[in-house]
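Raw my_file02.cif, mmCIF, C-alpha atoms:
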data_structure
#
loop_
_atom_site.label_atom_id
_atom_site.label_comp_id
_atom_site.auth_asym_id
_atom_site.auth_seq_id
_atom_site.Cartn_x
_atom_site.Cartn_y
_atom_site.Cartn_z
CA MET A 1 -25.76 -14.80 -21.30
CA ALA A 2 -25.05 -11.39 -19.81
CA ASN A 3 -24.73 -11.11 -16.03
CA HIS A 4 -24.55 -7.33 -15.57
CA LYS A 5 -27.09 -4.70 -16.47
CA SER A 6 -24.61 -2.89 -18.71
CA ALA A 7 -23.73 -6.14 -20.48
CA GLU A 8 -27.42 -6.80 -21.14
CA LYS A 9 -27.75 -3.33 -22.66
CA ARG A 10 -24.70 -3.84 -24.86
CA MET A 11 -26.12 -7.16 -26.04
CA LYS A 12 -29.40 -5.48 -27.03
CA GLN A 13 -27.49 -2.75 -28.85
CA SER A 14 -25.32 -5.21 -30.73
CA ILE A 15 -28.36 -7.20 -31.86
CA GLY A 16 -29.99 -4.01 -33.15
CA ARG A 17 -26.83 -3.01 -35.00
CA ARG A 18 -26.50 -6.48 -36.51
CA ILE A 19 -30.05 -6.40 -37.87
CA ARG A 20 -29.45 -2.93 -39.36
CA ASN A 21 -26.12 -3.97 -40.91
CA VAL A 22 -27.52 -7.16 -42.44
CA SER A 23 -30.45 -5.35 -44.04
CA THR A 24 -28.25 -2.58 -45.41
CA LYS A 25 -25.69 -5.00 -46.85
CA SER A 26 -28.53 -6.97 -48.43
CA LEU A 27 -29.87 -3.78 -50.02
CA VAL A 28 -26.41 -2.99 -51.40
CA LYS A 29 -26.17 -6.44 -52.99
CA THR A 30 -29.69 -6.13 -54.44
CA ARG A 31 -28.92 -2.74 -56.01
CA ILE A 32 -25.66 -4.03 -57.49
CA LYS A 33 -27.47 -7.02 -58.95
CA SER A 34 -30.13 -4.78 -60.52
CA VAL A 35 -27.43 -2.70 -62.23
CA LEU A 36 -25.70 -5.81 -63.55
CA ASP A 37 -29.00 -7.22 -64.83
CA ALA A 38 -29.73 -3.98 -66.70
CA VAL A 39 -26.22 -4.05 -68.19
CA ASP A 40 -26.70 -7.66 -69.30
CA GLU A 41 -29.91 -6.64 -71.06
CA LYS A 42 -27.93 -3.82 -72.73
CA ASN A 43 -30.56 -1.33 -71.59
CA ARG A 44 -28.59 1.91 -71.22
CA ASP A 45 -31.35 4.10 -69.74
CA GLN A 46 -32.42 1.57 -67.15
CA SER A 47 -28.83 0.77 -66.20
CA GLN A 48 -28.08 4.46 -65.62
CA GLU A 49 -31.15 4.79 -63.38
CA GLU A 50 -30.18 1.69 -61.43
CA LEU A 51 -26.60 2.96 -61.16
CA LYS A 52 -27.80 6.20 -59.54
CA LYS A 53 -29.79 4.23 -56.95
CA ALA A 54 -26.87 1.87 -56.32
CA ILE A 55 -24.37 4.69 -55.85
CA THR A 56 -26.64 6.32 -53.26
CA VAL A 57 -27.07 3.11 -51.27
CA ILE A 58 -23.37 2.19 -51.43
CA ALA A 59 -22.29 5.68 -50.36
CA LYS A 60 -24.67 5.66 -47.39
CA ALA A 61 -23.46 2.22 -46.32
CA SER A 62 -19.90 3.49 -46.50
CA SER A 63 -20.61 6.64 -44.51
CA LYS A 64 -22.30 4.59 -41.77
CA GLY A 65 -19.29 2.27 -41.49
CA MET A 66 -20.85 -0.85 -42.99
CA LEU A 67 -18.45 -0.79 -45.93
CA HIS A 68 -14.90 0.48 -45.99
CA LYS A 69 -14.68 3.69 -48.03
CA LYS A 70 -12.21 2.17 -50.51
CA ASN A 71 -14.38 -0.92 -50.89
CA ALA A 72 -17.37 1.31 -51.65
CA ALA A 73 -15.34 3.39 -54.12
CA ARG A 74 -14.20 0.22 -55.89
CA LYS A 75 -17.76 -1.09 -56.20
CA ILE A 76 -19.02 2.24 -57.56
CA SER A 77 -16.13 2.50 -60.01
CA ARG A 78 -16.62 -0.98 -61.41
CA LEU A 79 -20.36 -0.50 -61.84
CA THR A 80 -19.84 2.87 -63.53
CA ARG A 81 -17.31 1.40 -65.97
CA LYS A 82 -19.75 -1.35 -66.93
CA VAL A 83 -22.58 1.13 -67.53
CA ASN A 84 -20.33 3.46 -69.52
CA ALA A 85 -19.18 0.54 -71.69
CA LEU A 86 -22.74 0.32 -73.05
CA GLY A 87 -22.43 3.76 -74.64
#

Target encoding structure tokens, full file:
Amino acid sequence: MANHKSAEKRMKQSIGRRIRNVSTKSLVKTRIKSVLDAVDEKNRDQSQEELKKAITVIAKASSKGMLHKKNAARKISRLTRKVNALG
């Protein structure tokens, strides 16, 4: 447990950040899964819509430092290739 006032504040801040990071990473995984499900159903229109939503969420997570920018680019690239393979 924290002994100093500043340490208590840092602990509160880190808990808040952790909650935010976990929820954002969960949203990223959910969006990726929805794209992959649409691709499995071979539904081109739905997969393109889901891809747009996924790209937005992944890019925001990357810009906020929750994902490395190259990791985010790799995820977006792989999803885009799968959606384009339907065409």

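Using all atoms listed in the file, the smallest distance between any of A:Ser63, A:Thr56, A:Ser6, A:Ser77 and Val28 in chain A comes from A:Thr56.
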
note - CA of Gln46 in chain A and CA of Leu86 in chain A are separated by 11.4 Å

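CA of Met1 in chain A sits 16.6 Å away from CA of Gly16 in chain A.
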
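Across A:Asp40, A:Lys53, A:Ile15, A:Val35, the tightest approach to Leu79 in chain A is made by A:Val35 when counting all atoms listed in the file.
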
Using 7 Å as the limit and counting all atoms listed in the file, can you tabulate each residue of range 39-62 of chain A that touches range 69-72 of chain A, with its shortest atom-to-atom distance in Å and the two atoms involved, as JSON lines?
{"residue": "A:Ile58", "atom": "CA", "partner": "A:Ala72", "partner_atom": "CA", "distance": 6.1}
{"residue": "A:Ala59", "atom": "CA", "partner": "A:Ala72", "partner_atom": "CA", "distance": 6.7}
{"residue": "A:Ser62", "atom": "CA", "partner": "A:Lys69", "partner_atom": "CA", "distance": 5.4}

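Compared by their closest atoms to Val22 in chain A, and using only C-alpha atoms, the residues A:Val57, A:Leu36, A:Met66, A:Ala7 rank with A:Met66 nearest.
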
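Here CA of Lys12 in chain A and CA of Lys29 in chain A stand 26.2 Å from one another.
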
Please return range 16-49 of chain A, rebuilt to N, CA and C atoms, as a JSON list (two decimals), keeping the file's coordinate frame.
[["chain", "number", "residue", "atom", "x", "y", "z"],
["A", 16, "GLY", "N", -29.37, -5.04, -32.31],
["A", 16, "GLY", "CA", -29.99, -4.01, -33.15],
["A", 16, "GLY", "C", -29.08, -3.58, -34.28],
["A", 17, "ARG", "N", -27.80, -3.39, -33.97],
["A", 17, "ARG", "CA", -26.83, -3.01, -35.00],
["A", 17, "ARG", "C", -26.68, -4.10, -36.05],
["A", 18, "ARG", "N", -26.66, -5.36, -35.59],
["A", 18, "ARG", "CA", -26.50, -6.48, -36.51],
["A", 18, "ARG", "C", -27.66, -6.54, -37.49],
["A", 19, "ILE", "N", -28.87, -6.38, -36.99],
["A", 19, "ILE", "CA", -30.05, -6.40, -37.87],
["A", 19, "ILE", "C", -29.96, -5.27, -38.90],
["A", 20, "ARG", "N", -29.57, -4.08, -38.46],
["A", 20, "ARG", "CA", -29.45, -2.93, -39.36],
["A", 20, "ARG", "C", -28.37, -3.18, -40.41],
["A", 21, "ASN", "N", -27.23, -3.72, -39.98],
["A", 21, "ASN", "CA", -26.12, -3.97, -40.91],
["A", 21, "ASN", "C", -26.49, -5.02, -41.94],
["A", 22, "VAL", "N", -27.15, -6.09, -41.51],
["A", 22, "VAL", "CA", -27.52, -7.16, -42.44],
["A", 22, "VAL", "C", -28.49, -6.64, -43.49],
["A", 23, "SER", "N", -29.47, -5.85, -43.08],
["A", 23, "SER", "CA", -30.45, -5.35, -44.04],
["A", 23, "SER", "C", -29.81, -4.37, -45.02],
["A", 24, "THR", "N", -28.90, -3.54, -44.53],
["A", 24, "THR", "CA", -28.25, -2.58, -45.41],
["A", 24, "THR", "C", -27.33, -3.28, -46.41],
["A", 25, "LYS", "N", -26.57, -4.26, -45.94],
["A", 25, "LYS", "CA", -25.69, -5.00, -46.85],
["A", 25, "LYS", "C", -26.50, -5.77, -47.89],
["A", 26, "SER", "N", -27.65, -6.28, -47.49],
["A", 26, "SER", "CA", -28.53, -6.97, -48.43],
["A", 26, "SER", "C", -29.04, -6.01, -49.49],
["A", 27, "LEU", "N", -29.40, -4.79, -49.08],
["A", 27, "LEU", "CA", -29.87, -3.78, -50.02],
["A", 27, "LEU", "C", -28.78, -3.41, -51.01],
["A", 28, "VAL", "N", -27.55, -3.30, -50.53],
["A", 28, "VAL", "CA", -26.41, -2.99, -51.40],
["A", 28, "VAL", "C", -26.26, -4.08, -52.47],
["A", 29, "LYS", "N", -26.31, -5.33, -52.04],
["A", 29, "LYS", "CA", -26.17, -6.44, -52.99],
["A", 29, "LYS", "C", -27.31, -6.45, -54.01],
["A", 30, "THR", "N", -28.53, -6.14, -53.55],
["A", 30, "THR", "CA", -29.69, -6.13, -54.44],
["A", 30, "THR", "C", -29.54, -5.03, -55.49],
["A", 31, "ARG", "N", -29.10, -3.85, -55.07],
["A", 31, "ARG", "CA", -28.92, -2.74, -56.01],
["A", 31, "ARG", "C", -27.83, -3.05, -57.03],
["A", 32, "ILE", "N", -26.74, -3.66, -56.57],
["A", 32, "ILE", "CA", -25.66, -4.03, -57.49],
["A", 32, "ILE", "C", -26.17, -5.03, -58.52],
["A", 33, "LYS", "N", -26.94, -6.00, -58.05],
["A", 33, "LYS", "CA", -27.47, -7.02, -58.95],
["A", 33, "LYS", "C", -28.41, -6.40, -59.98],
["A", 34, "SER", "N", -29.21, -5.41, -59.58],
["A", 34, "SER", "CA", -30.13, -4.78, -60.52],
["A", 34, "SER", "C", -29.38, -4.00, -61.60],
["A", 35, "VAL", "N", -28.25, -3.39, -61.24],
["A", 35, "VAL", "CA", -27.43, -2.70, -62.23],
["A", 35, "VAL", "C", -26.84, -3.71, -63.21],
["A", 36, "LEU", "N", -26.31, -4.80, -62.69],
["A", 36, "LEU", "CA", -25.70, -5.81, -63.55],
["A", 36, "LEU", "C", -26.73, -6.46, -64.47],
["A", 37, "ASP", "N", -27.95, -6.66, -63.98],
["A", 37, "ASP", "CA", -29.00, -7.22, -64.83],
["A", 37, "ASP", "C", -29.34, -6.27, -65.97],
["A", 38, "ALA", "N", -29.43, -4.97, -65.66],
["A", 38, "ALA", "CA", -29.73, -3.98, -66.70],
["A", 38, "ALA", "C", -28.61, -3.91, -67.72],
["A", 39, "VAL", "N", -27.37, -4.05, -67.27],
["A", 39, "VAL", "CA", -26.22, -4.05, -68.19],
["A", 39, "VAL", "C", -26.26, -5.29, -69.08],
["A", 40, "ASP", "N", -26.61, -6.43, -68.51],
["A", 40, "ASP", "CA", -26.70, -7.66, -69.30],
["A", 40, "ASP", "C", -27.77, -7.56, -70.38],
["A", 41, "GLU", "N", -28.85, -6.83, -70.07],
["A", 41, "GLU", "CA", -29.91, -6.64, -71.06],
["A", 41, "GLU", "C", -29.55, -5.56, -72.08],
["A", 42, "LYS", "N", -28.42, -4.91, -71.87],
["A", 42, "LYS", "CA", -27.93, -3.82, -72.73],
["A", 42, "LYS", "C", -28.93, -2.67, -72.81],
["A", 43, "ASN", "N", -29.60, -2.42, -71.70],
["A", 43, "ASN", "CA", -30.56, -1.33, -71.59],
["A", 43, "ASN", "C", -29.86, -0.15, -70.92],
["A", 44, "ARG", "N", -29.41, 0.81, -71.72],
["A", 44, "ARG", "CA", -28.59, 1.91, -71.22],
["A", 44, "ARG", "C", -29.35, 2.81, -70.24],
["A", 45, "ASP", "N", -30.58, 3.19, -70.61],
["A", 45, "ASP", "CA", -31.35, 4.10, -69.74],
["A", 45, "ASP", "C", -31.64, 3.47, -68.39],
["A", 46, "GLN", "N", -32.09, 2.24, -68.41],
["A", 46, "GLN", "CA", -32.42, 1.57, -67.15],
["A", 46, "GLN", "C", -31.16, 1.35, -66.31],
["A", 47, "SER", "N", -30.06, 1.01, -66.96],
["A", 47, "SER", "CA", -28.83, 0.77, -66.20],
["A", 47, "SER", "C", -28.32, 2.06, -65.55],
["A", 48, "GLN", "N", -28.51, 3.19, -66.22],
["A", 48, "GLN", "CA", -28.08, 4.46, -65.62],
["A", 48, "GLN", "C", -28.95, 4.81, -64.41],
["A", 49, "GLU", "N", -30.25, 4.54, -64.52],
["A", 49, "GLU", "CA", -31.15, 4.79, -63.38],
["A", 49, "GLU", "C", -30.79, 3.90, -62.20]]
